[in-house]
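Q: First the structure, then my questions, so here it is.
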Amino acid sequence: MNDYIVSVLLGIVEGLTEFLPVSSTAHLRIAEAMLHINLADPYWKMYTIVIQLGAILALIFLFLGRILEFIRTFPKGESGNRTALNHPVSLTLIAFLCTAIPAFLLTKVIGKHLESLRLMATSLLVGGIIMWVVDAWSVRQLSTTEDVEHMSLGQSIWIGLCQVASAVFPGTSRSMSTIAAGQLVRMTRSAALEFSFLVSIPTMVAATGYDLLRALHPKHTDVAEAIAPLVITGHGWLVLFIGFAVSFIIALLVVEWFLMWVRRHGFVIFAVYRIALAILLFTFAKHFIGT
């Protein structure tokens with residue numbers, strides 16, 4: 001298949017799935033397997049990092065106003081009752097650290113299982129069931145946190161620790177982990193979703209930056225994971241740009257739609273999709289699973 005078409009398709013997959021609770025890692029792995037892309041090829045490793053950067057930039061663009069408002073009101077908050085410890089900026093960074101430190105310590109486990117479609121299918125299934133159950137339970141409970149401005153330190157730590165599961169078990173989904181964790185501690189759907197987006201910014205920047213560092217500096221990582229030295233032709237740069245641009249545009253549209261959808265309908269449709277996809281993987285893609 002033409003490289004430009006492949007780049008558009010993968011950019012669409014990344015943009016569609018990065019912030020939905022359906023696991024972009026699993027979808028990219030499935031798409032790459034179907035398109036017969038060599039995952040060990042240095043160029044396609046770089047490509048995956050580049051399209052993730054496109055999705056990250058879209059989220060920063062959409063939430064820039066909200067982020068600047070949080071920074072402006074630090075440390076007292078919009079209502080004047082926050083402190084340097086429980087302001088949304090602090091809570092976002094605390095949740096990030098609660099994810100980043102355990103995830104970094106578990107990098108060997110993460111690397112070992114990263115490309116296992118069997119594990120991804122299992123994570124999709126288990127995560128879908130958890131999301132469905134938690135969402136159904138949460139709507140019957142009295143939510144105590146309706147806005148990120150009202151979050152507690154304990155909620156932030158809990159969400160950060162739960163997000164580790166998405167790093168250790170690809171297919172779990174970063175947004176699924178944070179959203180379900182938020183609902184379990186009595187956050188409304190919209191509050192849990194907004195905090196999921198906020199904490200994903202430093203998490204994704206750090207994770208993507210770390211992947212790039214490991215790839216470009218083989219002396220700091222396994223030789224098999226390195227992509228340097230890598231010579232990219234004009235054609236290669238254009239393929240990278242197409243994937244980056246498509247991922248950016250699709251992510252912009254998806255995040256806006258996702259926010260509106262969740263306020264009205266919740267997360268059940270995504271839980272059902274995860275379960276259905278996992279069943280399809282186990283049933284019809286056995287020649288992929290096990291690789």
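Chains: A, B, ... in order of the structure tokens. Residues: from 1 per chain. Ligands: from 1, in order shown.
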Taking 2 positions as the minimum chain separation for residues in the same chain, which residues sit within 8 Å of Leu125 of chain A when counting only C-alpha atoms? Answer as a list in words.

A: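 Close residues of Leu125 of chain A: Ala121, Thr122, Ser123, Gly127, Gly128, Ile129, Arg274, Ile275, Ala278 and Ile279 of chain A.
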
Q: Write out as an NGL selection string all residues of segment 38-283 of chain A that DSSP puts in alpha helix (DSSP H) for this structure's backbone.

A: :A and (42-73 or 88-105 or 107-113 or 117-138 or 153-168 or 174-184 or 189-216 or 234-265 or 268-283)

Q: Between atom CA of Gln183 of chain A and atom CA of Phe19 of chain A, what distance in Å does the model show, to one decimal?

A: 17.1 Å

Q: Set the distance at 6 Å and use only C-alpha atoms: which residues neighbour segment 38-52 of chain A once local chain neighbours fewer than 5 positions away are removed? I'd like the list as a list in words.

A: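 Residues meeting the cut-off are Ile227, Leu240, Gly243, Phe244 and Ser247 of chain A.
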
Q: Would you mind exporting N, CA and C atoms of the selected residues as a PDB file, in the first residue's frame?

A:
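Ended up saving to out.pdb:
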```pdb
ATOM      1  N   ILE A 227      16.630   3.662  17.267  1.00  0.00           N
ATOM      2  CA  ILE A 227      16.331   4.005  15.883  1.00  0.00           C
ATOM      3  C   ILE A 227      17.451   4.850  15.282  1.00  0.00           C
ATOM      4  N   LEU A 240       5.979  11.418   7.514  1.00  0.00           N
ATOM      5  CA  LEU A 240       5.912  11.801   8.928  1.00  0.00           C
ATOM      6  C   LEU A 240       4.991  12.999   9.126  1.00  0.00           C
ATOM      7  N   GLY A 243       1.250  12.058   8.784  1.00  0.00           N
ATOM      8  CA  GLY A 243       0.758  11.367   9.973  1.00  0.00           C
ATOM      9  C   GLY A 243       0.566  12.312  11.138  1.00  0.00           C
ATOM     10  N   PHE A 244       1.535  13.212  11.345  1.00  0.00           N
ATOM     11  CA  PHE A 244       1.459  14.206  12.428  1.00  0.00           C
ATOM     12  C   PHE A 244       0.235  15.103  12.251  1.00  0.00           C
ATOM     13  N   SER A 247      -3.138  13.163  12.656  1.00  0.00           N
ATOM     14  CA  SER A 247      -3.347  12.854  14.075  1.00  0.00           C
ATOM     15  C   SER A 247      -3.801  14.093  14.837  1.00  0.00           C
TER      16      SER A 247
END
```

Q: Please indicate the distance in Å from atom CA of Phe104 of chain A to atom CA of Val205 of chain A, rounded to one decimal place.

A: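 Distance reported for this atom pair: 14.0 Å.
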
Q: Counting only C-alpha atoms, which of A:Leu238, A:Leu119, A:Ala276, A:Thr208 gets nearest to Val22 of chain A?

A: A:Ala276
